[in-house]
$ cat final-v2.txt   # compact mmCIF, C-alpha atoms
# COMPACT_ATOMS: atom_id res chain seq x y z
CA MET A 419 44.23 39.70 29.42
CA ASN A 420 46.89 39.67 26.68
CA VAL A 421 46.91 41.94 23.64
CA LYS A 422 45.53 39.23 21.32
CA ALA A 423 42.62 38.53 23.67
CA ILE A 424 41.81 42.23 23.97
CA SER A 425 41.92 42.58 20.19
CA LEU A 426 39.53 39.66 19.76
CA ALA A 427 37.18 41.03 22.38
CA LEU A 428 37.10 44.46 20.75
CA SER A 429 36.56 42.83 17.36
CA GLY A 430 33.63 40.86 18.77
CA LEU A 431 32.11 44.01 20.28
CA PHE A 432 32.49 45.80 16.96
CA LEU A 433 30.84 43.01 14.99
CA SER A 434 28.08 42.71 17.57
CA GLY A 435 27.38 46.41 17.36
CA GLN A 436 27.48 46.27 13.57
CA ALA A 437 24.95 43.41 13.50
CA ALA A 438 22.72 45.17 16.00
CA SER A 439 22.63 48.34 13.87
CA ALA A 440 21.81 46.46 10.67
CA THR A 441 18.17 46.36 9.52
CA GLN A 442 16.84 42.86 10.15
CA ILE A 443 15.15 40.89 7.35
CA ALA A 444 13.30 37.71 8.40
CA TRP A 445 13.23 34.86 5.87
CA TRP A 446 11.05 31.84 6.69
CA HIS A 447 11.85 28.73 4.69
CA ALA A 448 11.24 24.98 4.45
CA MET A 449 14.76 23.81 3.65
CA GLY A 450 16.00 21.27 6.20
CA GLY A 451 19.28 19.38 6.50
CA GLU A 452 22.01 20.18 3.98
CA LEU A 453 19.67 22.46 2.03
CA GLY A 454 19.04 24.44 5.19
CA ASN A 455 22.77 24.77 5.75
CA LYS A 456 23.13 26.08 2.20
CA VAL A 457 20.37 28.63 2.81
CA ASN A 458 22.23 29.83 5.90
CA GLU A 459 25.42 30.04 3.85
CA ILE A 460 23.76 32.19 1.17
CA ALA A 461 22.28 34.54 3.78
CA GLY A 462 25.69 34.72 5.49
CA LYS A 463 27.39 35.71 2.25
CA PHE A 464 24.86 38.48 1.70
CA ASN A 465 25.28 39.74 5.24
CA GLN A 466 29.05 39.81 4.81
CA SER A 467 28.79 41.63 1.48
CA GLN A 468 27.35 44.76 3.09
CA SER A 469 26.61 46.13 6.56
CA GLU A 470 23.22 47.84 6.17
CA PHE A 471 20.98 44.75 6.22
CA GLU A 472 21.02 41.35 7.90
CA VAL A 473 18.94 38.50 6.48
CA LYS A 474 17.97 35.99 9.16
CA PRO A 475 16.78 32.62 7.77
CA VAL A 476 14.39 30.64 9.97
CA TYR A 477 13.45 27.03 9.25
CA LYS A 478 9.69 26.59 9.79
CA GLY A 479 9.14 22.94 8.86
CA SER A 480 7.53 21.47 5.75
CA TYR A 481 6.26 23.56 2.85
CA SER A 482 2.70 23.32 4.15
CA GLU A 483 3.75 24.24 7.69
CA THR A 484 5.80 27.18 6.45
CA MET A 485 2.98 28.64 4.36
CA THR A 486 0.34 28.05 7.04
CA GLY A 487 2.62 29.56 9.68
CA ALA A 488 3.19 32.67 7.58
CA ILE A 489 -0.55 33.16 7.01
CA THR A 490 -1.20 32.81 10.74
CA ALA A 491 1.64 35.21 11.53
CA PHE A 492 0.28 37.77 9.06
CA ARG A 493 -3.10 37.73 10.78
CA ALA A 494 -1.31 38.32 14.08
CA ARG A 495 0.84 41.08 12.48
CA GLN A 496 3.99 39.10 13.21
CA GLN A 497 4.78 38.09 9.62
CA PRO A 498 8.28 37.68 8.20
CA HIS A 499 9.47 39.81 5.32
CA ILE A 500 10.08 36.79 3.06
CA VAL A 501 8.40 33.38 3.04
CA GLN A 502 9.21 30.40 0.86
CA VAL A 503 6.03 28.90 -0.66
CA PHE A 504 5.83 25.80 -2.84
CA GLU A 505 4.27 26.02 -6.29
CA VAL A 506 0.95 24.48 -5.23
CA GLY A 507 0.46 27.42 -2.86
CA THR A 508 0.71 29.98 -5.67
CA ALA A 509 -3.04 30.44 -6.20
CA THR A 510 -3.54 30.87 -2.46
CA MET A 511 -0.84 33.55 -2.29
CA MET A 512 -2.19 35.36 -5.36
CA ALA A 513 -5.66 35.43 -3.81
CA ALA A 514 -4.23 37.17 -0.74
CA ASP A 515 -3.32 40.27 -2.75
CA ASN A 516 -3.67 42.49 0.32
CA ALA A 517 -0.97 40.47 2.05
CA ILE A 518 1.69 40.21 -0.64
CA TYR A 519 4.11 42.75 -2.06
CA PRO A 520 4.60 41.70 -5.71
CA VAL A 521 8.26 41.28 -6.53
CA TYR A 522 8.13 43.35 -9.71
CA LYS A 523 6.69 46.29 -7.74
CA LEU A 524 9.11 45.75 -4.84
CA MET A 525 12.08 45.98 -7.20
CA GLN A 526 10.66 49.03 -8.97
CA ASP A 527 9.97 50.82 -5.68
CA ALA A 528 13.52 50.05 -4.54
CA GLY A 529 14.96 51.59 -7.70
CA LYS A 530 16.35 48.33 -9.05
CA ALA A 531 16.91 47.68 -12.74
CA PHE A 532 14.71 44.58 -12.75
CA ASP A 533 14.70 42.77 -16.10
CA GLN A 534 12.40 39.74 -16.12
CA SER A 535 13.87 38.54 -19.44
CA LYS A 536 17.04 37.55 -17.57
CA TYR A 537 15.10 34.75 -15.86
CA LEU A 538 14.25 31.42 -17.49
CA PRO A 539 10.72 31.82 -18.94
CA ALA A 540 9.85 28.21 -18.14
CA VAL A 541 10.33 29.13 -14.48
CA THR A 542 8.97 32.66 -14.27
CA GLY A 543 5.90 31.99 -16.42
CA TYR A 544 4.26 30.12 -13.58
CA TYR A 545 4.64 33.00 -11.14
CA THR A 546 3.38 35.91 -13.24
CA ASP A 547 0.04 37.70 -13.31
CA ASN A 548 -2.09 38.23 -16.42
CA ASP A 549 0.13 41.17 -17.41
CA ASN A 550 3.26 38.98 -17.22
CA ASN A 551 4.54 40.67 -14.06
CA MET A 552 6.55 38.49 -11.66
CA LEU A 553 4.75 38.16 -8.33
CA SER A 554 7.38 36.15 -6.43
CA MET A 555 11.10 35.50 -6.73
CA PRO A 556 12.07 32.08 -8.14
CA PHE A 557 14.43 30.25 -5.80
CA ASN A 558 14.33 26.46 -5.81
CA SER A 559 12.62 25.36 -9.01
CA SER A 560 12.74 21.73 -10.12
CA THR A 561 11.17 19.38 -12.62
CA PRO A 562 10.87 15.57 -12.62
CA VAL A 563 13.32 13.42 -14.57
CA LEU A 564 14.08 9.71 -14.98
CA TYR A 565 16.94 8.29 -12.91
CA TYR A 566 18.24 4.87 -13.89
CA ASN A 567 20.63 2.23 -12.60
CA ARG A 568 23.23 1.88 -15.36
CA ASP A 569 24.39 -1.50 -14.09
CA LEU A 570 20.94 -3.11 -14.10
CA LEU A 571 20.03 -1.73 -17.52
CA ALA A 572 23.37 -2.94 -18.92
CA ARG A 573 22.80 -6.41 -17.43
CA ALA A 574 19.40 -6.51 -19.10
CA GLY A 575 20.86 -5.28 -22.37
CA VAL A 576 18.39 -2.39 -22.72
CA GLU A 577 18.77 1.27 -23.60
CA VAL A 578 17.33 4.02 -21.46
CA PRO A 579 13.61 4.12 -22.36
CA THR A 580 12.29 7.36 -23.79
CA THR A 581 8.67 6.28 -24.31
CA TRP A 582 6.18 4.35 -22.21
CA GLN A 583 6.18 1.71 -24.90
CA GLU A 584 9.94 1.27 -24.40
CA MET A 585 9.36 1.23 -20.62
CA ALA A 586 7.21 -1.86 -21.07
CA GLN A 587 9.86 -3.60 -23.14
CA ALA A 588 12.68 -2.63 -20.77
CA GLY A 589 10.64 -3.72 -17.76
CA GLN A 590 10.03 -7.15 -19.21
CA ARG A 591 13.69 -7.60 -20.04
CA LEU A 592 14.72 -6.42 -16.55
CA LYS A 593 12.36 -8.97 -15.03
CA GLU A 594 13.85 -11.74 -17.16
CA THR A 595 17.36 -10.84 -15.96
CA GLY A 596 16.50 -10.83 -12.25
CA THR A 597 15.21 -7.31 -11.52
CA ASP A 598 11.57 -7.57 -10.49
CA CYS A 599 10.92 -3.84 -10.09
CA ALA A 600 11.50 -1.88 -13.29
CA PHE A 601 10.60 1.50 -11.82
CA THR A 602 9.07 3.46 -9.01
CA THR A 603 7.93 7.06 -8.75
CA SER A 604 7.87 9.87 -6.24
CA TRP A 605 5.24 12.62 -5.94
CA THR A 606 2.63 10.64 -7.90
CA PRO A 607 0.22 13.58 -8.49
CA TRP A 608 3.03 15.82 -9.77
CA VAL A 609 4.87 13.25 -11.90
CA GLN A 610 2.21 10.81 -13.12
CA LEU A 611 -0.71 13.22 -13.64
CA GLU A 612 0.40 16.86 -13.76
CA ASN A 613 3.57 16.35 -15.80
CA PHE A 614 1.93 13.58 -17.79
CA ALA A 615 -0.61 16.18 -18.87
CA ALA A 616 2.04 18.75 -19.76
CA LEU A 617 4.22 16.36 -21.77
CA HIS A 618 1.23 15.16 -23.80
CA ASP A 619 -0.29 18.64 -24.20
CA ILE A 620 -3.62 17.69 -22.66
CA PRO A 621 -5.55 19.83 -20.17
CA PHE A 622 -5.40 18.99 -16.49
CA ALA A 623 -8.23 21.37 -15.60
CA THR A 624 -10.54 23.89 -17.21
CA ALA A 625 -9.86 27.64 -17.34
CA ASN A 626 -6.38 27.09 -18.82
CA ASN A 627 -5.39 24.86 -15.92
CA GLY A 628 -6.53 27.54 -13.50
CA PHE A 629 -4.55 30.42 -15.00
CA ALA A 630 -7.70 32.04 -16.40
CA GLY A 631 -9.62 32.25 -13.13
CA THR A 632 -10.90 30.47 -10.05
CA GLU A 633 -13.97 28.85 -11.66
CA VAL A 634 -12.16 25.58 -12.39
CA GLU A 635 -12.93 21.88 -12.71
CA LEU A 636 -10.51 18.96 -12.97
CA LEU A 637 -10.29 16.88 -16.17
CA VAL A 638 -8.17 13.96 -15.01
CA ASN A 639 -10.86 11.35 -15.70
CA ARG A 640 -10.35 11.76 -19.44
CA ALA A 641 -9.43 8.66 -21.44
CA GLU A 642 -5.72 9.53 -21.64
CA TYR A 643 -5.35 9.54 -17.87
CA VAL A 644 -7.44 6.41 -17.41
CA GLN A 645 -5.29 4.52 -19.90
CA HIS A 646 -2.11 5.65 -18.15
CA ILE A 647 -3.26 4.69 -14.65
CA GLU A 648 -4.60 1.36 -15.96
CA GLN A 649 -1.15 0.62 -17.38
CA LEU A 650 0.57 1.49 -14.09
CA ALA A 651 -1.92 -0.65 -12.16
CA GLU A 652 -1.30 -3.60 -14.47
CA TRP A 653 2.46 -3.20 -14.06
CA GLY A 654 1.95 -2.96 -10.31
CA LYS A 655 0.33 -6.40 -10.32
CA SER A 656 3.19 -7.92 -12.33
CA GLY A 657 5.85 -6.21 -10.21
CA LEU A 658 7.30 -4.02 -12.95
CA PHE A 659 6.03 -0.91 -11.13
CA LYS A 660 6.24 -0.60 -7.36
CA TYR A 661 4.52 2.10 -5.36
CA GLY A 662 6.80 3.28 -2.58
CA GLY A 663 4.70 5.90 -0.84
CA ARG A 664 3.91 9.59 -1.07
CA GLN A 665 6.26 12.44 -1.86
CA SER A 666 9.81 11.02 -1.97
CA ASP A 667 9.23 7.93 0.19
CA SER A 668 10.05 5.65 -2.74
CA LEU A 669 13.68 6.80 -3.05
CA PRO A 670 15.07 3.90 -0.93
CA LEU A 671 13.71 1.47 -3.53
CA PHE A 672 16.11 3.03 -6.02
CA TYR A 673 18.97 3.51 -3.56
CA SER A 674 18.92 -0.19 -2.70
CA GLY A 675 18.87 -1.33 -6.32
CA GLU A 676 15.48 -2.99 -5.90
CA CYS A 677 13.99 -0.78 -8.62
CA ALA A 678 16.04 -0.12 -11.72
CA MET A 679 14.49 3.29 -12.45
CA PHE A 680 13.02 6.15 -10.45
CA MET A 681 10.98 9.14 -11.57
CA GLY A 682 11.55 12.09 -9.30
CA SER A 683 12.68 15.66 -8.87
CA SER A 684 15.82 16.98 -10.52
CA ALA A 685 16.63 18.19 -7.00
CA SER A 686 17.01 14.55 -5.93
CA TYR A 687 20.33 14.40 -7.79
CA ALA A 688 22.58 15.20 -4.83
CA GLY A 689 20.78 12.72 -2.56
CA ILE A 690 20.94 9.96 -5.16
CA LYS A 691 24.62 10.63 -5.75
CA ASN A 692 25.33 10.33 -2.02
CA ASN A 693 23.21 7.21 -1.50
CA THR A 694 24.17 5.00 -4.44
CA PRO A 695 27.86 4.13 -3.90
CA ASP A 696 27.37 0.57 -5.17
CA PHE A 697 26.25 1.39 -8.70
CA GLU A 698 26.44 4.06 -11.39
CA PHE A 699 23.28 5.99 -12.13
CA GLY A 700 22.22 8.14 -15.04
CA VAL A 701 19.60 10.79 -15.69
CA GLY A 702 17.17 10.74 -18.61
CA LEU A 703 14.05 12.46 -19.87
CA LEU A 704 10.62 11.48 -18.60
CA PRO A 705 9.02 8.92 -20.94
CA TYR A 706 6.04 9.85 -23.09
CA ASN A 707 3.29 7.89 -24.82
CA GLN A 708 4.01 8.07 -28.54
CA THR A 709 0.42 7.14 -29.39
CA LEU A 710 -0.71 10.40 -27.76
CA ILE A 711 1.98 12.77 -29.06
CA GLN A 712 4.85 12.46 -31.53
CA GLN A 713 7.10 15.06 -29.90
CA PRO A 714 6.54 15.72 -26.18
CA GLN A 715 6.04 19.15 -24.74
CA ASN A 716 8.06 20.65 -21.90
CA SER A 717 7.69 19.37 -18.35
CA ILE A 718 6.46 21.74 -15.65
CA ILE A 719 8.09 23.01 -12.50
CA GLY A 720 7.90 22.14 -8.86
CA GLY A 721 9.81 23.59 -5.95
CA ALA A 722 9.14 26.99 -4.47
CA THR A 723 9.54 30.74 -4.75
CA LEU A 724 10.05 33.56 -2.28
CA TRP A 725 7.05 35.76 -1.55
CA VAL A 726 7.27 39.15 0.15
CA LEU A 727 4.63 40.00 2.76
CA GLN A 728 3.17 43.44 3.40
CA GLY A 729 3.26 45.22 6.74
CA HIS A 730 6.89 46.33 7.16
CA GLU A 731 8.77 49.61 6.80
CA GLN A 732 9.92 50.67 3.33
CA GLU A 733 13.52 50.74 4.54
CA GLU A 734 13.24 47.03 5.31
CA TYR A 735 11.84 46.31 1.85
CA GLN A 736 14.88 48.05 0.41
CA GLY A 737 16.89 45.34 2.12
CA VAL A 738 14.67 42.63 0.67
CA ALA A 739 15.24 44.05 -2.82
CA GLU A 740 19.01 44.17 -2.22
CA PHE A 741 18.92 40.53 -1.10
CA PHE A 742 16.87 39.41 -4.12
CA GLU A 743 19.34 41.14 -6.42
CA PHE A 744 22.18 39.31 -4.65
CA LEU A 745 20.28 36.01 -4.74
CA SER A 746 19.78 36.31 -8.51
CA SER A 747 23.45 36.93 -9.27
CA PRO A 748 25.03 34.35 -11.60
CA GLU A 749 27.59 33.22 -9.01
CA ILE A 750 25.03 32.56 -6.26
CA GLN A 751 22.52 30.91 -8.59
CA ALA A 752 25.11 28.72 -10.30
CA ASP A 753 26.42 27.55 -6.95
CA TRP A 754 22.89 26.82 -5.65
CA HIS A 755 22.00 24.97 -8.86
CA GLN A 756 25.17 22.87 -8.81
CA PHE A 757 24.91 22.03 -5.13
CA THR A 758 21.21 21.12 -5.04
CA GLY A 759 20.07 20.01 -8.50
CA TYR A 760 17.45 22.76 -8.58
CA LEU A 761 17.27 24.68 -11.85
CA PRO A 762 19.31 27.84 -12.35
CA ILE A 763 16.73 30.62 -12.44
CA THR A 764 18.60 32.92 -14.84
CA HIS A 765 20.17 32.54 -18.27
CA ALA A 766 23.43 33.92 -16.86
CA ALA A 767 23.61 31.27 -14.13
CA TYR A 768 22.97 28.54 -16.70
CA LYS A 769 25.70 29.93 -18.97
CA LEU A 770 28.16 30.24 -16.07
CA THR A 771 27.51 26.62 -15.07
CA GLN A 772 28.21 25.54 -18.64
CA GLU A 773 31.43 27.57 -18.75
CA GLN A 774 32.58 26.04 -15.48
CA GLY A 775 32.29 22.58 -17.03
CA PHE A 776 29.82 21.35 -14.43
CA TYR A 777 27.58 19.50 -16.90
CA GLN A 778 30.53 17.70 -18.47
CA GLN A 779 31.82 16.66 -15.06
CA ASN A 780 28.35 15.63 -13.84
CA PRO A 781 26.55 13.96 -16.75
CA GLY A 782 22.77 14.20 -16.57
CA THR A 783 22.55 17.41 -14.57
CA GLU A 784 21.55 19.36 -17.69
CA VAL A 785 18.66 17.04 -18.58
CA ALA A 786 16.11 18.91 -16.45
CA ILE A 787 16.87 22.23 -18.15
CA GLU A 788 16.76 20.66 -21.60
CA GLN A 789 13.43 19.02 -20.82
CA MET A 790 11.85 22.24 -19.57
CA THR A 791 13.14 24.42 -22.40
CA ARG A 792 12.87 22.06 -25.40
CA THR A 793 9.60 23.61 -26.60
CA GLU A 794 7.62 26.80 -26.19
CA PRO A 795 5.07 26.17 -23.42
CA THR A 796 1.47 25.74 -24.49
CA VAL A 797 -1.63 26.50 -22.44
CA ASN A 798 -1.46 22.90 -21.22
CA SER A 799 2.27 22.88 -20.41
CA LYS A 800 2.70 26.30 -18.82
CA GLY A 801 1.75 24.89 -15.44
CA ILE A 802 -1.23 24.23 -13.17
CA ARG A 803 -2.47 26.89 -10.79
CA LEU A 804 -5.31 25.69 -8.59
CA GLY A 805 -6.84 26.82 -5.35
CA ASN A 806 -6.63 24.34 -2.45
CA PHE A 807 -4.00 22.48 -4.50
CA VAL A 808 -2.42 20.93 -1.40
CA GLN A 809 -5.72 19.26 -0.53
CA ILE A 810 -6.21 18.18 -4.14
CA ARG A 811 -2.87 16.41 -4.22
CA ASP A 812 -3.81 14.60 -1.03
CA ILE A 813 -7.02 13.48 -2.69
CA VAL A 814 -5.09 12.17 -5.70
CA ASP A 815 -2.76 10.20 -3.44
CA GLU A 816 -5.63 8.76 -1.40
CA GLU A 817 -7.63 7.56 -4.39
CA LEU A 818 -4.69 6.21 -6.40
CA GLU A 819 -3.42 4.31 -3.37
CA LYS A 820 -6.68 2.37 -3.55
CA VAL A 821 -5.84 1.50 -7.16
CA TRP A 822 -2.32 0.34 -6.29
CA ALA A 823 -3.79 -1.80 -3.48
CA GLY A 824 -6.34 -3.37 -5.85
CA GLN A 825 -9.26 -1.80 -3.97
CA SER A 826 -10.49 0.47 -6.77
CA GLU A 827 -10.57 0.55 -10.56
CA PRO A 828 -8.68 3.39 -12.32
CA GLN A 829 -11.78 4.94 -13.91
CA LYS A 830 -13.66 4.93 -10.62
CA ALA A 831 -10.68 6.39 -8.75
CA LEU A 832 -10.17 9.18 -11.29
CA ASN A 833 -13.89 10.00 -11.27
CA THR A 834 -13.73 10.27 -7.48
CA ILE A 835 -10.64 12.47 -7.70
CA VAL A 836 -12.50 14.85 -10.02
CA GLU A 837 -15.61 14.89 -7.83
CA ARG A 838 -13.75 15.49 -4.56
CA SER A 839 -11.32 17.99 -6.10
CA ASN A 840 -14.12 20.00 -7.70
CA THR A 841 -15.62 20.42 -4.23
CA GLN A 842 -12.30 21.88 -3.04
CA LEU A 843 -12.08 24.11 -6.10
CA GLY A 844 -15.63 25.31 -5.55
CA ARG A 845 -14.86 26.25 -1.94
CA PHE A 846 -11.83 28.23 -3.05
CA ALA A 847 -13.80 30.04 -5.78
CA ASN A 848 -16.55 30.98 -3.31
CA VAL A 849 -14.17 32.87 -1.04
CA ASN A 850 -12.02 34.37 -3.78
$ encode --input "final-v2.txt" --output "structure tokens"
Amino acid sequence: MNVKAISLALSGLFLSGQAASATQIAWWHAMGGELGNKVNEIAGKFNQSQSEFEVKPVYKGSYSETMTGAITAFRARQQPHIVQVFEVGTATMMAADNAIYPVYKLMQDAGKAFDQSKYLPAVTGYYTDNDNNMLSMPFNSSTPVLYYNRDLLARAGVEVPTTWQEMAQAGQRLKETGTDCAFTTSWTPWVQLENFAALHDIPFATANNGFAGTEVELLVNRAEYVQHIEQLAEWGKSGLFKYGGRQSDSLPLFYSGECAMFMGSSASYAGIKNNTPDFEFGVGLLPYNQTLIQQPQNSIIGGATLWVLQGHEQEEYQGVAEFFEFLSSPEIQADWHQFTGYLPITHAAYKLTQEQGFYQQNPGTEVAIEQMTRTEPTVNSKGIRLGNFVQIRDIVDEELEKVWAGQSEPQKALNTIVERSNTQLGRFANVN
């Protein structure tokens, strides 16, 4: 063996020993593909920045699978230190107070100077308790925006619509110039009901949208919602609106140019950029109904946060706190925000991104932040925190799909959504 080979071998042994001696921190997440690679990169940078702790990311499938897997693992006393949970799982995690280690307390116990005011209030407000203490660490927060095909709108001679009234006019003009589908939407419950409620400052559910307790009932069969779904159903019949499936299944309709506009997550930016080489796209604000409100409220968040689970040694939680401090640094957050389209979670990361000229070089990437921070949140626009929220969203999809297929009337579908969802909410309240 030559000198170089011996040196490499010794180096490998040293690194192996170093990794073996480091305290292991397990991080379960739901980021696949390129996002998963980025998660691994972030963990790798932390591991290289110090030698005491090693964060080990583990992809566990979808958001639902990741949360369910973590709950099962906790019962078997095999839980990870950190688990990524989407926003609709927040009430479930809060109810399991014996299983979680609140982030504000974790940071205090680890001796960290933890200042919640450094984080964007539109993000952190959703994940705080009644005393405004942060329970989980924001990571990949998003909000829906309007993506549009610049070429098709230019051909039709229309501006980017900012109201639903303008959407109707633009849709008609698009149809006249050869584009049958004016727009499609992803995540129908989140975009067309939950954010519709927030923008128009109307309640989605009782008890301050679930923030005030678990005794909650849905309110989505009010006249405002019925009118909105009736309009979408009418446009569906004429072809101006096209339903493309649940979650983000409708994205190909926009990629292909079949639909001129798409309402979806700000985190879809990178995917849209990579899948639309044949046309220029832009990003705009979600439209609002000017007969319901003159100036729209802020939109609400989606995405996920990182929850810490009980049951590990305090030394290991010191490592979790060190990692969260690293994760919140301006450089890491700005890079994550710019790569993914998720919101920067701190004011410093937002400022750094501005200083780096990212928004000027990538027009539209600042729209989501502007939309979320344009007003002070009200009770109706702070967010929606419901028990069994995953099941409720499934119910919304099931009943509205009957509307899009012409098998149910909007009022009937929304009444059924309320009835079925209230059963789920009642079950959650009974055990919490």
$ atom_distance --input "final-v2.txt" --atom1 "atom CA of Glu731 of chain A" --atom2 "atom CA of Lys523 of chain A"
15.1 Å
$ residues_around --input "final-v2.txt" --residues "Gln497 of chain A" --least-positions-apart "6" --cutoff "10 Å" --atoms "all atoms listed in the file" --output "compact mmCIF listing (two decimals) with C-alpha atoms, keeping the file's coordinate frame"
# COMPACT_ATOMS: atom_id res chain seq x y z
CA ALA A 444 13.30 37.71 8.40
CA TRP A 445 13.23 34.86 5.87
CA TRP A 446 11.05 31.84 6.69
CA GLY A 487 2.62 29.56 9.68
CA ALA A 488 3.19 32.67 7.58
CA ILE A 489 -0.55 33.16 7.01
CA THR A 490 -1.20 32.81 10.74
CA ALA A 491 1.64 35.21 11.53
CA ALA A 517 -0.97 40.47 2.05
CA VAL A 726 7.27 39.15 0.15
CA LEU A 727 4.63 40.00 2.76
CA GLN A 728 3.17 43.44 3.40
CA GLY A 729 3.26 45.22 6.74
CA HIS A 730 6.89 46.33 7.16
$ closest_residue --input "final-v2.txt" --among "A:Tyr735, A:Trp582, A:Trp754, A:Trp608" --to "Phe807 of chain A" --atoms "only C-alpha atoms"
A:Trp608
$ residues_around --input "final-v2.txt" --residues "segment 812-825 of chain A" --least-positions-apart "5" --cutoff "8 Å" --atoms "only C-alpha atoms" --output "MDAnalysis selection string"
chainID A and resid 606:607 651 654 661 664 831:832 834:835 838:839
$ closest_residue --input "final-v2.txt" --among "A:Ala509, A:Ala616, A:Leu553, A:Leu650" --to "Ala847 of chain A" --atoms "all atoms listed in the file"
A:Ala509
$ build_atoms --input "final-v2.txt" --residues "segment 551-568 of chain A" --atoms "N, CA and C atoms" --output "PDB file, in the coordinates of the input"
ATOM      1  N   ASN A 551       3.694  40.100 -15.115  1.00  0.00           N
ATOM      2  CA  ASN A 551       4.540  40.670 -14.060  1.00  0.00           C
ATOM      3  C   ASN A 551       4.861  39.600 -13.028  1.00  0.00           C
ATOM      4  N   MET A 552       6.135  39.484 -12.648  1.00  0.00           N
ATOM      5  CA  MET A 552       6.550  38.490 -11.660  1.00  0.00           C
ATOM      6  C   MET A 552       6.033  38.864 -10.277  1.00  0.00           C
ATOM      7  N   LEU A 553       5.338  37.920  -9.649  1.00  0.00           N
ATOM      8  CA  LEU A 553       4.750  38.160  -8.330  1.00  0.00           C
ATOM      9  C   LEU A 553       5.655  37.693  -7.200  1.00  0.00           C
ATOM     10  N   SER A 554       6.464  36.669  -7.456  1.00  0.00           N
ATOM     11  CA  SER A 554       7.380  36.150  -6.430  1.00  0.00           C
ATOM     12  C   SER A 554       8.732  35.881  -7.074  1.00  0.00           C
ATOM     13  N   MET A 555       9.738  35.698  -6.242  1.00  0.00           N
ATOM     14  CA  MET A 555      11.100  35.500  -6.730  1.00  0.00           C
ATOM     15  C   MET A 555      11.415  34.009  -6.821  1.00  0.00           C
ATOM     16  N   PRO A 556      11.683  33.490  -8.017  1.00  0.00           N
ATOM     17  CA  PRO A 556      12.070  32.080  -8.140  1.00  0.00           C
ATOM     18  C   PRO A 556      13.295  31.785  -7.288  1.00  0.00           C
ATOM     19  N   PHE A 557      13.287  30.625  -6.643  1.00  0.00           N
ATOM     20  CA  PHE A 557      14.430  30.250  -5.800  1.00  0.00           C
ATOM     21  C   PHE A 557      14.823  28.805  -6.061  1.00  0.00           C
ATOM     22  N   ASN A 558      13.991  27.879  -5.623  1.00  0.00           N
ATOM     23  CA  ASN A 558      14.330  26.460  -5.810  1.00  0.00           C
ATOM     24  C   ASN A 558      13.303  25.796  -6.717  1.00  0.00           C
ATOM     25  N   SER A 559      13.522  25.943  -8.007  1.00  0.00           N
ATOM     26  CA  SER A 559      12.620  25.360  -9.010  1.00  0.00           C
ATOM     27  C   SER A 559      13.194  24.042  -9.509  1.00  0.00           C
ATOM     28  N   SER A 560      12.313  23.058  -9.674  1.00  0.00           N
ATOM     29  CA  SER A 560      12.740  21.730 -10.120  1.00  0.00           C
ATOM     30  C   SER A 560      11.733  21.193 -11.116  1.00  0.00           C
ATOM     31  N   THR A 561      12.084  20.083 -11.735  1.00  0.00           N
ATOM     32  CA  THR A 561      11.170  19.380 -12.620  1.00  0.00           C
ATOM     33  C   THR A 561      11.508  17.894 -12.533  1.00  0.00           C
ATOM     34  N   PRO A 562      10.559  17.003 -12.743  1.00  0.00           N
ATOM     35  CA  PRO A 562      10.870  15.570 -12.620  1.00  0.00           C
ATOM     36  C   PRO A 562      11.642  15.040 -13.813  1.00  0.00           C
ATOM     37  N   VAL A 563      12.529  14.089 -13.538  1.00  0.00           N
ATOM     38  CA  VAL A 563      13.320  13.420 -14.570  1.00  0.00           C
ATOM     39  C   VAL A 563      13.329  11.922 -14.275  1.00  0.00           C
ATOM     40  N   LEU A 564      13.966  11.157 -15.150  1.00  0.00           N
ATOM     41  CA  LEU A 564      14.080   9.710 -14.980  1.00  0.00           C
ATOM     42  C   LEU A 564      15.507   9.362 -14.552  1.00  0.00           C
ATOM     43  N   TYR A 565      15.649   8.801 -13.359  1.00  0.00           N
ATOM     44  CA  TYR A 565      16.940   8.290 -12.910  1.00  0.00           C
ATOM     45  C   TYR A 565      16.983   6.794 -13.193  1.00  0.00           C
ATOM     46  N   TYR A 566      18.151   6.289 -13.589  1.00  0.00           N
ATOM     47  CA  TYR A 566      18.240   4.870 -13.890  1.00  0.00           C
ATOM     48  C   TYR A 566      19.550   4.266 -13.415  1.00  0.00           C
ATOM     49  N   ASN A 567      19.487   3.000 -13.061  1.00  0.00           N
ATOM     50  CA  ASN A 567      20.630   2.230 -12.600  1.00  0.00           C
ATOM     51  C   ASN A 567      21.346   1.680 -13.847  1.00  0.00           C
ATOM     52  N   ARG A 568      22.499   2.273 -14.145  1.00  0.00           N
ATOM     53  CA  ARG A 568      23.230   1.880 -15.360  1.00  0.00           C
ATOM     54  C   ARG A 568      23.577   0.388 -15.357  1.00  0.00           C
TER      55      ARG A 568
END
